[in-house]
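A.B. asks: If it helps, the file is called model.cif and holds mmCIF, C-alpha atoms and all ligand atoms:
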```cif
data_protein
loop_
_atom_site.label_atom_id
_atom_site.label_comp_id
_atom_site.auth_asym_id
_atom_site.auth_seq_id
_atom_site.Cartn_x
_atom_site.Cartn_y
_atom_site.Cartn_z
CA LEU A 195 82.43 161.16 87.74
CA THR A 196 82.90 160.74 84.00
CA ASP A 197 80.25 159.21 81.76
CA GLU A 198 82.55 156.24 81.26
CA SER A 199 82.89 155.48 84.97
CA LEU A 200 79.13 155.90 85.50
CA ALA A 201 78.42 153.55 82.61
CA ASP A 202 80.89 151.03 83.94
CA ALA A 203 79.44 151.18 87.44
CA LEU A 204 76.00 150.52 85.93
CA ARG A 205 77.34 147.49 84.06
CA ARG A 206 78.95 146.04 87.19
CA ARG A 207 75.79 146.55 89.24
CA ILE A 208 73.75 144.64 86.69
CA LEU A 209 76.24 141.81 86.44
CA ASP A 210 76.02 141.36 90.24
CA LEU A 211 72.27 141.90 90.61
CA PRO A 212 70.49 138.93 92.20
CA GLY A 213 67.05 137.82 91.02
CA ILE A 214 67.46 138.16 87.26
CA GLU A 215 66.54 135.09 85.30
CA GLU A 216 69.72 133.49 84.00
CA ALA A 217 70.43 132.06 80.55
CA ALA A 218 71.20 128.73 82.23
CA GLU A 219 67.78 128.48 83.96
CA PRO A 220 64.96 126.34 82.52
CA GLU A 221 62.83 128.34 80.11
CA PRO A 222 59.25 129.39 80.87
CA ALA A 223 56.90 126.56 79.93
CA SER A 224 53.93 128.71 78.85
CA PRO A 225 53.10 132.28 77.80
CA ALA A 226 51.59 132.84 81.25
CA GLU A 227 54.86 131.82 82.88
CA GLU A 228 56.77 134.03 80.43
CA ASP A 229 54.61 137.00 81.41
CA ALA A 230 55.02 136.26 85.12
CA ARG A 231 58.81 136.17 84.72
CA VAL A 232 58.80 139.51 82.89
CA ARG A 233 56.85 141.04 85.78
CA ARG A 234 59.22 139.53 88.31
CA ILE A 235 62.25 140.82 86.38
CA LEU A 236 60.68 144.28 86.17
CA ASP A 237 60.24 144.27 89.96
CA VAL A 238 63.91 143.41 90.39
CA LEU A 239 65.04 146.07 87.88
CA ALA A 240 62.76 148.69 89.40
CA GLY A 241 63.82 147.76 92.94
CA ALA A 242 67.45 148.34 91.97
CA GLY A 243 66.55 151.71 90.42
CA LEU A 244 67.67 150.55 86.98
CA LEU A 245 64.48 151.49 85.13
CA LEU A 246 65.19 155.12 86.02
CA HIS A 247 67.72 155.06 83.18
CA VAL A 248 64.96 154.96 80.57
CA VAL A 249 63.21 158.13 81.78
CA PRO A 250 64.34 161.78 81.92
CA ALA A 251 65.15 163.64 85.16
CA SER A 252 61.64 165.12 85.30
CA ALA A 253 60.38 161.56 85.95
CA GLY A 254 63.19 160.64 88.36
CA GLY A 255 65.89 159.65 85.86
CA PRO A 256 69.57 160.31 86.64
CA HIS A 257 70.08 162.53 83.57
CA GLU A 258 68.12 165.43 82.15
CA THR A 259 67.34 163.41 79.04
CA VAL A 260 67.57 159.65 78.52
CA ARG A 261 71.22 158.77 77.76
CA CYS A 262 71.63 156.29 74.95
CA ARG A 263 75.06 155.35 76.29
CA MET A 264 73.65 154.31 79.67
CA VAL A 265 70.83 152.32 78.09
CA CYS A 266 73.45 150.61 75.90
CA ARG A 267 75.64 149.68 78.85
CA ALA A 268 72.65 148.33 80.76
CA ARG A 269 71.41 146.28 77.82
CA GLU A 270 74.82 144.79 77.17
CA ALA A 271 75.07 143.58 80.77
CA LEU A 272 71.47 142.34 80.89
CA ALA A 273 71.76 140.44 77.60
CA PHE A 274 74.97 138.86 78.88
CA ARG A 275 72.88 137.31 81.64
CA SER A 276 69.38 136.88 80.19
CA GLY A 277 67.60 137.73 76.95
CA LEU A 278 64.29 138.06 78.77
CA ALA A 279 65.74 140.58 81.24
CA ASP A 280 67.11 142.58 78.34
CA VAL A 281 63.71 142.65 76.62
CA ALA A 282 61.91 143.65 79.83
CA PHE A 283 64.31 146.55 80.39
CA ALA A 284 64.49 147.69 76.76
CA MET A 285 60.73 147.75 76.26
CA GLN A 286 60.19 150.10 79.21
CA GLY A 287 62.39 152.57 77.31
CA LEU A 288 61.31 151.86 73.75
CA GLY A 289 57.63 151.71 74.70
CA SER A 290 57.69 155.06 76.49
CA ALA A 291 60.28 156.89 74.35
CA ALA A 292 57.70 158.71 72.23
CA ILE A 293 56.32 160.20 75.45
CA ALA A 294 59.77 160.96 76.90
CA PHE A 295 60.96 162.61 73.67
CA ARG A 296 57.85 164.32 72.36
CA GLY A 297 55.04 163.95 74.89
CA ALA A 298 53.21 166.83 76.54
CA GLU A 299 54.10 167.60 80.16
CA ALA A 300 50.83 166.03 81.37
CA GLN A 301 51.57 162.82 79.44
CA ARG A 302 55.06 162.60 80.89
CA ARG A 303 53.69 163.09 84.39
CA ALA A 304 50.94 160.52 83.83
CA TYR A 305 53.11 157.69 82.53
CA LEU A 306 56.86 158.03 82.97
CA PRO A 307 57.15 157.75 86.78
CA GLY A 308 55.09 154.53 86.60
CA VAL A 309 57.32 153.18 83.83
CA ALA A 310 60.40 153.89 85.97
CA ARG A 311 58.82 152.17 89.00
CA GLY A 312 57.82 149.17 86.90
CA SER A 313 54.18 149.65 87.92
CA LEU A 314 53.30 150.52 84.30
CA VAL A 315 54.52 148.19 81.56
CA ALA A 316 55.16 149.90 78.21
CA ALA A 317 54.98 148.72 74.59
CA VAL A 318 55.29 150.20 71.12
CA ALA A 319 52.92 149.29 68.29
CA LEU A 320 54.08 150.07 64.77
CA THR A 321 53.99 146.74 62.92
CA GLU A 322 50.84 145.45 61.22
CA PRO A 323 50.02 142.32 59.25
CA GLU A 324 50.65 144.23 55.99
CA ALA A 325 53.15 146.81 57.28
CA GLY A 326 56.53 145.61 58.55
CA SER A 327 59.61 147.20 56.98
CA ASP A 328 57.33 149.56 55.07
CA LEU A 329 55.86 152.00 57.58
CA ASP A 330 54.07 153.82 54.75
CA ALA A 331 51.77 150.81 54.55
CA ILE A 332 50.39 151.36 58.09
CA ALA A 333 46.63 151.04 57.66
CA THR A 334 45.32 151.40 61.23
CA ARG A 335 43.11 154.48 61.07
CA ALA A 336 42.53 157.20 63.64
CA ARG A 337 39.45 159.28 62.86
CA ARG A 338 38.81 162.54 64.67
CA ASP A 339 35.56 162.36 66.61
CA GLY A 340 34.61 165.29 68.85
CA ASP A 341 37.22 165.70 71.57
CA GLY A 342 38.95 162.44 70.71
CA TYR A 343 39.89 159.89 68.07
CA VAL A 344 38.45 156.55 67.09
CA LEU A 345 41.01 153.89 66.14
CA ASP A 346 40.40 150.88 63.90
CA GLY A 347 42.94 148.33 62.68
CA ALA A 348 45.33 145.59 63.72
CA LYS A 349 48.89 145.43 65.04
CA SER A 350 51.08 142.35 64.93
CA LEU A 351 54.34 141.12 66.51
CA ILE A 352 53.93 143.51 69.44
CA THR A 353 56.28 142.82 72.34
CA ASN A 354 54.47 142.93 75.71
CA ALA A 355 51.03 142.57 74.04
CA GLY A 356 48.83 141.48 76.91
CA ILE A 357 51.06 142.57 79.77
CA ALA A 358 51.50 146.18 78.70
CA ASP A 359 49.55 148.91 80.50
CA LEU A 360 50.24 151.40 77.71
CA TYR A 361 50.99 151.20 74.01
CA THR A 362 52.56 154.06 72.08
CA LEU A 363 50.70 153.26 68.91
CA PHE A 364 51.04 154.69 65.42
CA ALA A 365 47.97 155.17 63.24
CA ARG A 366 47.06 156.90 60.00
CA THR A 367 45.27 160.23 60.25
CA SER A 368 45.68 161.23 56.59
CA GLU A 369 46.98 160.03 53.23
CA ASP A 370 49.81 162.59 53.20
CA PRO A 371 52.96 160.54 52.45
CA ARG A 372 55.11 162.56 54.89
CA ARG A 373 52.62 163.57 57.54
CA GLY A 374 50.06 160.80 57.40
CA LEU A 375 50.90 159.11 60.72
CA THR A 376 50.10 160.15 64.27
CA CYS A 377 51.23 158.66 67.59
CA PHE A 378 48.75 157.92 70.40
CA VAL A 379 48.92 156.42 73.86
CA VAL A 380 46.44 153.56 74.03
CA GLU A 381 45.79 152.11 77.47
CA LYS A 382 45.14 148.44 78.14
CA ASP A 383 41.60 149.03 79.43
CA ASP A 384 40.47 151.24 76.54
CA ALA A 385 37.21 149.86 75.16
CA GLY A 386 37.77 148.46 71.68
CA LEU A 387 41.35 147.30 72.28
CA ALA A 388 41.82 143.52 72.33
CA VAL A 389 44.80 141.20 72.46
CA THR A 390 43.84 138.69 69.78
CA GLU A 391 46.82 136.38 69.78
CA ARG A 392 49.76 135.43 71.94
CA LEU A 393 52.69 134.19 69.86
CA ARG A 394 55.63 132.01 70.80
CA VAL A 395 58.92 132.87 69.16
CA LEU A 396 62.30 131.09 69.07
CA ALA A 397 63.42 132.22 72.52
CA PRO A 398 61.46 133.46 75.56
CA HIS A 399 59.80 136.74 74.58
CA PRO A 400 56.30 138.03 75.41
CA ILE A 401 54.70 138.93 72.06
CA GLY A 402 51.29 139.02 70.43
CA SER A 403 48.77 140.76 68.20
CA LEU A 404 46.31 143.57 68.89
CA GLU A 405 43.01 144.57 67.38
CA LEU A 406 41.43 148.01 67.59
CA ARG A 407 37.72 148.21 66.89
CA GLY A 408 36.13 151.59 67.42
CA CYS A 409 38.73 152.19 70.13
CA ARG A 410 38.17 155.71 71.46
CA VAL A 411 41.03 157.71 72.92
CA PRO A 412 40.82 161.32 74.11
CA ALA A 413 42.75 163.94 72.12
CA SER A 414 44.92 164.46 75.22
CA ARG A 415 46.51 161.08 74.43
CA ARG A 416 47.82 162.20 71.05
CA VAL A 417 51.62 162.49 71.25
CA GLY A 418 52.80 165.59 69.37
CA GLU A 419 50.69 167.01 66.58
CA GLU A 420 48.66 165.22 63.96
CA GLY A 421 51.11 164.14 61.26
CA ASP A 422 54.16 163.99 63.58
CA GLY A 423 54.03 160.18 63.78
CA LEU A 424 56.68 159.27 61.22
CA GLY A 425 59.14 161.79 62.67
CA ILE A 426 58.49 160.48 66.18
CA ALA A 427 58.91 156.85 65.10
CA ARG A 428 62.21 157.70 63.40
CA GLN A 429 63.49 159.62 66.43
CA VAL A 430 62.63 156.72 68.73
CA LEU A 431 64.23 154.13 66.43
CA ASP A 432 67.38 156.20 65.85
CA ALA A 433 67.86 156.45 69.63
CA TYR A 434 67.14 152.79 70.39
CA ARG A 435 68.93 151.03 67.51
CA PRO A 436 72.37 151.41 69.10
CA THR A 437 70.91 149.76 72.21
CA VAL A 438 69.87 146.71 70.15
CA GLY A 439 73.49 146.60 68.98
CA ALA A 440 74.59 146.76 72.63
CA ALA A 441 72.36 143.81 73.54
CA ALA A 442 73.87 141.89 70.62
CA VAL A 443 77.35 142.64 72.00
CA GLY A 444 76.20 141.28 75.38
CA PHE A 445 75.02 138.00 73.84
CA ALA A 446 78.24 137.75 71.83
CA ARG A 447 80.49 138.35 74.87
CA ARG A 448 78.63 135.66 76.78
CA ALA A 449 78.95 133.22 73.87
CA LEU A 450 82.69 133.87 73.59
CA GLY A 451 83.14 133.38 77.35
CA GLU A 452 81.27 130.07 77.21
CA ALA A 453 83.33 128.97 74.20
CA VAL A 454 86.65 129.81 75.85
CA ALA A 455 85.73 127.90 79.00
CA HIS A 456 84.60 124.92 76.95
CA VAL A 457 87.67 124.62 74.70
CA LYS A 458 89.99 124.86 77.70
CA ARG A 459 88.10 122.01 79.39
CA ARG A 460 87.40 119.72 76.47
CA ARG A 461 90.22 117.36 75.50
CA GLN A 462 90.53 115.73 72.08
CA PHE A 463 93.62 114.25 70.39
CA GLY A 464 95.36 114.12 73.76
CA ALA A 465 95.16 117.84 74.57
CA PRO A 466 92.63 120.59 75.34
CA LEU A 467 90.92 121.90 72.18
CA SER A 468 92.28 125.35 73.06
CA GLU A 469 95.74 124.17 71.99
CA GLN A 470 94.62 123.73 68.37
CA GLN A 471 95.58 126.75 66.30
CA GLY A 472 92.44 126.42 64.17
CA ILE A 473 90.36 126.83 67.33
CA GLN A 474 92.48 129.73 68.58
CA PHE A 475 91.85 131.56 65.30
CA MET A 476 88.10 131.21 65.79
CA LEU A 477 88.41 132.75 69.26
CA ALA A 478 90.61 135.54 67.93
CA ASP A 479 88.11 136.35 65.17
CA SER A 480 85.21 136.45 67.62
CA ALA A 481 87.05 138.65 70.12
CA THR A 482 88.15 141.10 67.42
CA GLU A 483 84.72 141.30 65.81
CA ILE A 484 83.05 141.88 69.19
CA GLU A 485 85.37 144.80 70.00
CA ALA A 486 84.73 146.37 66.58
CA ALA A 487 80.96 146.09 67.12
CA ALA A 488 81.21 147.48 70.66
CA LEU A 489 83.16 150.51 69.40
CA LEU A 490 80.59 151.23 66.70
CA VAL A 491 77.79 150.98 69.27
CA GLU A 492 79.65 153.37 71.56
CA ARG A 493 80.18 155.86 68.76
CA ALA A 494 76.55 155.74 67.66
CA ALA A 495 75.43 156.26 71.26
CA ALA A 496 77.78 159.25 71.59
CA LEU A 497 76.34 160.80 68.42
CA VAL A 498 72.77 160.25 69.63
CA ASP A 499 73.59 161.73 73.06
CA GLY A 500 75.51 164.62 71.53
CA GLY A 501 72.46 165.64 69.51
CA GLU A 502 74.50 165.28 66.32
CA GLY A 503 72.96 166.23 62.99
CA ARG A 504 70.08 163.88 62.38
CA GLY A 505 71.56 162.25 59.29
CA ARG A 506 74.88 161.50 60.96
CA ALA A 507 73.33 159.98 64.07
CA ARG A 508 70.82 158.03 61.98
CA ARG A 509 73.54 156.52 59.83
CA ALA A 510 75.75 155.62 62.79
CA SER A 511 72.78 154.18 64.63
CA ALA A 512 71.82 151.97 61.66
CA MET A 513 75.47 150.88 61.21
CA ALA A 514 75.76 149.95 64.89
CA LYS A 515 72.63 147.85 64.86
CA TYR A 516 73.48 146.21 61.55
CA LEU A 517 77.10 145.37 62.34
CA ALA A 518 76.58 144.34 65.98
CA THR A 519 73.61 142.05 65.37
CA GLU A 520 75.23 140.34 62.36
CA THR A 521 78.48 139.98 64.34
CA ALA A 522 76.69 138.52 67.34
CA GLN A 523 74.96 135.94 65.17
CA ARG A 524 78.32 134.84 63.77
CA VAL A 525 80.03 134.78 67.17
CA VAL A 526 77.22 132.78 68.75
CA ASP A 527 77.24 130.37 65.82
CA ARG A 528 80.98 129.86 66.27
CA ALA A 529 80.45 129.23 69.99
CA VAL A 530 77.91 126.52 69.14
CA GLN A 531 80.40 125.01 66.68
CA LEU A 532 83.14 125.00 69.32
CA HIS A 533 80.83 123.11 71.69
CA GLY A 534 80.36 120.35 69.12
CA GLY A 535 77.26 118.21 69.66
CA ARG A 536 76.76 119.67 73.14
CA GLY A 537 76.21 123.05 71.44
CA VAL A 538 72.84 122.07 70.05
CA ILE A 539 71.40 120.29 73.07
CA ARG A 540 68.33 122.07 74.43
CA GLY A 541 68.97 123.74 77.75
CA GLY A 542 72.60 124.62 77.14
CA VAL A 543 73.65 128.26 77.35
CA VAL A 544 75.04 128.58 73.81
CA GLU A 545 72.03 126.80 72.35
CA ARG A 546 69.81 129.35 74.05
CA LEU A 547 71.99 132.26 72.90
CA TYR A 548 71.74 130.90 69.36
CA ARG A 549 67.96 131.28 69.54
CA GLU A 550 67.96 134.51 71.54
CA VAL A 551 70.22 136.45 69.20
CA ARG A 552 68.26 135.67 66.04
CA ALA A 553 65.39 138.16 66.36
CA LEU A 554 67.76 141.11 66.82
CA ARG A 555 68.60 141.06 63.11
CA ILE A 556 64.90 141.51 62.38
CA TYR A 557 63.22 143.79 64.94
CA GLU A 558 63.48 147.58 64.91
CA GLY A 559 64.28 147.32 61.21
CA ALA A 560 65.84 144.20 59.69
CA SER A 561 69.47 144.26 58.53
CA GLU A 562 68.36 144.99 54.96
CA VAL A 563 66.44 148.04 56.17
CA GLN A 564 69.51 149.26 58.08
CA ARG A 565 71.56 148.95 54.89
CA ASN A 566 68.88 150.95 53.03
CA ILE A 567 69.15 153.70 55.66
CA ILE A 568 72.96 153.74 55.56
CA ALA A 569 73.01 153.88 51.76
CA ARG A 570 70.38 156.61 51.65
CA GLU A 571 72.31 158.77 54.11
CA ILE A 572 75.59 158.22 52.26
CA LEU A 573 74.06 159.10 48.91
CA ARG A 574 72.32 162.14 50.35
CA GLY A 575 75.21 163.50 52.41
CA ALA A 576 77.46 166.21 51.01
CA GLU A 577 80.28 164.64 53.05
CA GLY A 578 80.02 161.48 50.94
CA ALA A 579 81.17 158.17 52.36
CA ALA A 580 84.14 159.60 54.28
CA ARG A 581 82.79 159.79 57.84
C1 LIG B 1 60.84 139.21 68.49
C2 LIG B 1 60.20 140.36 67.78
C3 LIG B 1 59.68 141.43 68.51
C4 LIG B 1 59.06 142.49 67.86
N1 LIG B 1 58.52 143.50 68.61
C5 LIG B 1 57.85 144.52 67.99
C6 LIG B 1 57.22 145.55 68.75
O1 LIG B 1 57.29 145.56 69.99
N2 LIG B 1 56.54 146.52 68.10
C7 LIG B 1 56.45 146.56 66.74
O2 LIG B 1 55.82 147.46 66.20
N3 LIG B 1 57.03 145.58 65.97
C8 LIG B 1 57.72 144.57 66.56
N4 LIG B 1 58.31 143.55 65.82
C9 LIG B 1 58.14 143.57 64.38
C10 LIG B 1 59.42 143.91 63.62
O3 LIG B 1 59.74 145.26 63.79
C11 LIG B 1 59.22 143.49 62.15
O4 LIG B 1 59.20 142.07 62.12
C12 LIG B 1 60.30 144.01 61.24
O5 LIG B 1 60.22 145.41 61.11
C13 LIG B 1 60.24 143.37 59.84
O6 LIG B 1 58.94 143.43 59.34
P1 LIG B 1 58.24 142.11 58.78
O7 LIG B 1 58.37 141.05 59.80
O8 LIG B 1 56.87 142.46 58.32
O9 LIG B 1 59.10 141.68 57.53
P2 LIG B 1 58.98 142.25 56.04
O10 LIG B 1 58.94 143.73 56.04
O11 LIG B 1 57.91 141.52 55.32
O12 LIG B 1 60.40 141.82 55.44
C14 LIG B 1 60.73 140.47 55.13
C15 LIG B 1 62.19 140.44 54.64
O13 LIG B 1 62.33 141.26 53.49
C16 LIG B 1 63.33 142.23 53.71
N5 LIG B 1 62.97 143.49 53.05
C17 LIG B 1 61.84 144.23 53.24
N6 LIG B 1 61.87 145.34 52.51
C18 LIG B 1 63.06 145.32 51.82
C19 LIG B 1 63.69 146.20 50.90
N7 LIG B 1 63.11 147.34 50.52
N8 LIG B 1 64.90 145.86 50.40
C20 LIG B 1 65.50 144.70 50.79
N9 LIG B 1 64.97 143.84 51.68
C21 LIG B 1 63.76 144.14 52.19
C22 LIG B 1 63.40 142.40 55.21
O14 LIG B 1 64.63 142.92 55.62
C23 LIG B 1 63.16 140.99 55.68
O15 LIG B 1 64.38 140.29 55.63
C24 LIG B 1 58.96 142.49 66.45
C25 LIG B 1 59.49 141.42 65.71
C26 LIG B 1 60.10 140.37 66.37
C27 LIG B 1 60.66 139.23 65.55
#
```
Please go through the file and, once you have read it, give me the structure as structure tokens.
C.D. replies:
Amino acid sequence: LTDESLADALRRRILDLPGIEEAAEPEPASPAEEDARVRRILDVLAGAGLLLHVVPASAGGPHETVRCRMVCRAREALAFRSGLADVAFAMQGLGSAAIAFRGAEAQRRAYLPGVARGSLVAAVALTEPEAGSDLDAIATRARRDGDGYVLDGAKSLITNAGIADLYTLFARTSEDPRRGLTCFVVEKDDAGLAVTERLRVLAPHPIGSLELRGCRVPASRRVGEEGDGLGIARQVLDAYRPTVGAAAVGFARRALGEAVAHVKRRRQFGAPLSEQQGIQFMLADSATEIEAAALLVERAAALVDGGEGRGRARRASAMAKYLATETAQRVVDRAVQLHGGRGVIRGGVVERLYREVRALRIYEGASEVQRNIIAREILRGAEGAAR
């Protein structure tokens, strides 16, 4: 079987999978309900074997290493159905990627099979109150103490805060501008770790803040060497940014489908709206922009999977996330416009998509940060802007 047919089979399985929360369902009424739904979705995804796609073969995954293309295809199909299902799936991968990519054998054995079974919920903790786009500003400290480290600081806007069993968490071990950060696995029951806040964002999404006060972790939970943190964070983000683009494509495809159905049904001026050329042009623009974004996502995923030169994959990955998330926002906005007043009524699918798609232009590096990365790689590359 080719990669393409495997990826397509995965997409079809997800589109037919029962038990995933749907965009048309009523939203969770409280953070507790949100958390319960994430757990239920994880059970469904794990039961169908889908979480295996975010771990390598050594932990039961279908491929020797995690395939960006497969994760992309899965996220596109999940986002098409439910933003919450997409987040639940994506975080199992993103939250454990540092371990999958750079963890010691014992760390992989300890965590990855549980992540793939859904019995361990994963999260990643980079962002802090004073360190968002600027990772150099990370101030959470990890001080060596005997056979372990003591962590002090705060993390904010952390997806799965409170439901996660493990956090791949980045802290400062020195002032070295290149090698100042180190990655650790912090477990939910570690003394000194507290979830201080549960936030509610535009669309259903489990998220909150963490505090670390004298939180002791054994040295065996350090991922890679001291000082490897920035490199690990970049590797994880380069591999997962195309998947954010893929989720954006999923939201956009859903929005276009809803818009097409609506304009065929809705009659004004004696005919269905779909007969107005102005409306047809909007549909044509959305369809074309979605295909362009999907192709860029596919190319970035192929470069990541092919182990392409770091700069090339990084640039493509940033382009895919940037273009696909901006495109999706525009496509979803058009779908709301095509629904007229019904488009903004709470509980409608396009209204929910409008809220769900928004955060994708911000997390894992906002669009401006992606443009910084693209420009830096272009200016640095001997190949110039050509390819
Ligand atoms: C729903 C959601 C889930 C998240 N989940 C996680 C998670 O699980 N783990 C985690 O660690 N973080 C998470 N985040 C945090 C996210 O990664 C940050 O919000 C993001 O990196 C931006 O940081 P910031 O919010 O501090 O904005 P800031 O860095 O303060 O930026 C504010 C604005 O300024 C722009 N800007 C910043 N620097 C520049 C520049 N040099 N040039 C031009 N423009 C610039 C930004 O693009 C942005 O538009 C999540 C965020 C959201 C919204």
A.B. asks: Please list as a PyMOL selection string every residue within 7 Å of range 280-291 of chain A, counting only C-alpha atoms and excluding residues in the same chain fewer than 5 positions away.
C.D. replies: chain A and resi 232+236+245+248+269+272-273+309+315-318+361-362+430+434
A.B. asks: What does the file look like for those residues with C-alpha atoms, as a PDB file, keeping the file's coordinate frame?
C.D. replies:
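The result, written out as selection15.pdb:
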```pdb
ATOM      1  CA  VAL A 232      58.800 139.510  82.890  1.00  0.00           C
ATOM      2  CA  LEU A 236      60.680 144.280  86.170  1.00  0.00           C
ATOM      3  CA  LEU A 245      64.480 151.490  85.130  1.00  0.00           C
ATOM      4  CA  VAL A 248      64.960 154.960  80.570  1.00  0.00           C
ATOM      5  CA  ARG A 269      71.410 146.280  77.820  1.00  0.00           C
ATOM      6  CA  LEU A 272      71.470 142.340  80.890  1.00  0.00           C
ATOM      7  CA  ALA A 273      71.760 140.440  77.600  1.00  0.00           C
ATOM      8  CA  VAL A 309      57.320 153.180  83.830  1.00  0.00           C
ATOM      9  CA  VAL A 315      54.520 148.190  81.560  1.00  0.00           C
ATOM     10  CA  ALA A 316      55.160 149.900  78.210  1.00  0.00           C
ATOM     11  CA  ALA A 317      54.980 148.720  74.590  1.00  0.00           C
ATOM     12  CA  VAL A 318      55.290 150.200  71.120  1.00  0.00           C
ATOM     13  CA  TYR A 361      50.990 151.200  74.010  1.00  0.00           C
ATOM     14  CA  THR A 362      52.560 154.060  72.080  1.00  0.00           C
ATOM     15  CA  VAL A 430      62.630 156.720  68.730  1.00  0.00           C
ATOM     16  CA  TYR A 434      67.140 152.790  70.390  1.00  0.00           C
TER      17      TYR A 434
END
```
A.B. asks: Taking all atoms listed in the file and a cut-off of 8 Å, can you tell me which residues surround ligand LIG 1 (chain B), written as a CSV table (one decimal) with C-alpha atoms, in the frame of the given file?
C.D. replies:
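Below you can see selection25.csv, which holds the result:
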```csv
chain,number,residue,atom,x,y,z
A,285,MET,CA,60.7,147.8,76.3
A,289,GLY,CA,57.6,151.7,74.7
A,317,ALA,CA,55.0,148.7,74.6
A,318,VAL,CA,55.3,150.2,71.1
A,319,ALA,CA,52.9,149.3,68.3
A,320,LEU,CA,54.1,150.1,64.8
A,321,THR,CA,54.0,146.7,62.9
A,322,GLU,CA,50.8,145.4,61.2
A,323,PRO,CA,50.0,142.3,59.2
A,324,GLU,CA,50.6,144.2,56.0
A,325,ALA,CA,53.2,146.8,57.3
A,326,GLY,CA,56.5,145.6,58.6
A,327,SER,CA,59.6,147.2,57.0
A,328,ASP,CA,57.3,149.6,55.1
A,349,LYS,CA,48.9,145.4,65.0
A,350,SER,CA,51.1,142.4,64.9
A,351,LEU,CA,54.3,141.1,66.5
A,352,ILE,CA,53.9,143.5,69.4
A,353,THR,CA,56.3,142.8,72.3
A,354,ASN,CA,54.5,142.9,75.7
A,395,VAL,CA,58.9,132.9,69.2
A,399,HIS,CA,59.8,136.7,74.6
A,401,ILE,CA,54.7,138.9,72.1
A,553,ALA,CA,65.4,138.2,66.4
A,554,LEU,CA,67.8,141.1,66.8
A,556,ILE,CA,64.9,141.5,62.4
A,557,TYR,CA,63.2,143.8,64.9
A,558,GLU,CA,63.5,147.6,64.9
A,559,GLY,CA,64.3,147.3,61.2
A,560,ALA,CA,65.8,144.2,59.7
A,561,SER,CA,69.5,144.3,58.5
A,562,GLU,CA,68.4,145.0,55.0
A,563,VAL,CA,66.4,148.0,56.2
A,566,ASN,CA,68.9,151.0,53.0
```
A.B. asks: What's around range 215-223 of chain A at 10 Å? Count all atoms listed in the file, leave out sequence neighbours fewer than 5 positions away in its own chain, and write the answer as a list in words.
C.D. replies: Glu228, Asp229, Ala230, Arg231, Val232, Arg234, Ile235, Leu272, Ala273, Phe274, Arg275, Ser276, Gly277, Leu278, Ala279, Ala397, Pro398, His399, Arg448, Arg540, Gly541, Gly542, Val543, Val544, Glu545, Arg546, Leu547 and Glu550 of chain A
A.B. asks: Using all atoms listed in the file, tabulate the residues of range 420-446 of chain A lying at most 12 Å from any atom of range 496-504 of chain A, each with its closest atom pair and that distance in Å to one decimal, by chain and increasing residue number, as a Markdown table.
C.D. replies:
```
| residue | atom | partner | partner_atom | distance |
| --- | --- | --- | --- | --- |
| A:Gly425 | CA | A:Arg504 | CA | 11.1 |
| A:Arg428 | CA | A:Arg504 | CA | 10.1 |
| A:Gln429 | CA | A:Arg504 | CA | 8.8 |
| A:Val430 | CA | A:Val498 | CA | 10.8 |
| A:Leu431 | CA | A:Val498 | CA | 11.0 |
| A:Asp432 | CA | A:Val498 | CA | 7.7 |
| A:Ala433 | CA | A:Val498 | CA | 6.2 |
| A:Tyr434 | CA | A:Val498 | CA | 9.4 |
| A:Arg435 | CA | A:Val498 | CA | 10.2 |
| A:Pro436 | CA | A:Val498 | CA | 8.9 |
| A:Thr437 | CA | A:Val498 | CA | 11.0 |
```
A.B. asks: When you look at Gly342 in chain A with a cut-off of 9 Å (counting only C-alpha atoms), what residues show up, excluding the ones that are within fewer than 6 positions of it in the same chain? I need them as a PDB file with C-alpha atoms, in the coordinates of the input.
C.D. replies:
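Okay, this is what ended up in around08.pdb:
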```pdb
ATOM      1  CA  ARG A 410      38.170 155.710  71.460  1.00  0.00           C
ATOM      2  CA  VAL A 411      41.030 157.710  72.920  1.00  0.00           C
ATOM      3  CA  PRO A 412      40.820 161.320  74.110  1.00  0.00           C
ATOM      4  CA  ALA A 413      42.750 163.940  72.120  1.00  0.00           C
ATOM      5  CA  SER A 414      44.920 164.460  75.220  1.00  0.00           C
ATOM      6  CA  ARG A 415      46.510 161.080  74.430  1.00  0.00           C
ATOM      7  CA  ARG A 416      47.820 162.200  71.050  1.00  0.00           C
TER       8      ARG A 416
END
```
A.B. asks: Counting only C-alpha atoms, find residues at most 9 Å from (69.8, 157.8, 79.6) (file frame) and give them as a list in words.
C.D. replies: Leu246, His247, Val248, Val249, Pro250, Gly255, Pro256, His257, Glu258, Thr259, Val260, Arg261, Cys262, Arg263, Met264, Val265, Cys266 and Asp499 of chain A
A.B. asks: Between CA of Arg311 in chain A and CA of Ala240 in chain A, measure the distance and give it in Å to one decimal.
C.D. replies: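 Here the two named atoms are 5.3 Å from each other.
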A.B. asks: Fewer than 3 positions away in the same chain doesn't count, so skip those; otherwise give me all residues within 9 Å of Met513 in chain A, counting only C-alpha atoms, as number ranges by chain.
C.D. replies: A: 436, 490-491, 494, 508-510, 516-518, 564-565, 567-568
A.B. asks: Need the axis-aligned box for range 484-492 of chain A with 3 Å each side, so what are the centre and edges in Å to one decimal, as lines of an AutoDock Vina configuration file?
C.D. replies:
```
center_x = 81.6
center_y = 147.6
center_z = 69.1
size_x = 13.6
size_y = 17.5
size_z = 11.0
```
A.B. asks: How many Å lie between CA of Arg373 in chain A and CA of Gly418 in chain A, rounded to one decimal?
C.D. replies: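 About the pair CA of Arg373 in chain A and CA of Gly418 in chain A: they are 12.0 Å apart.
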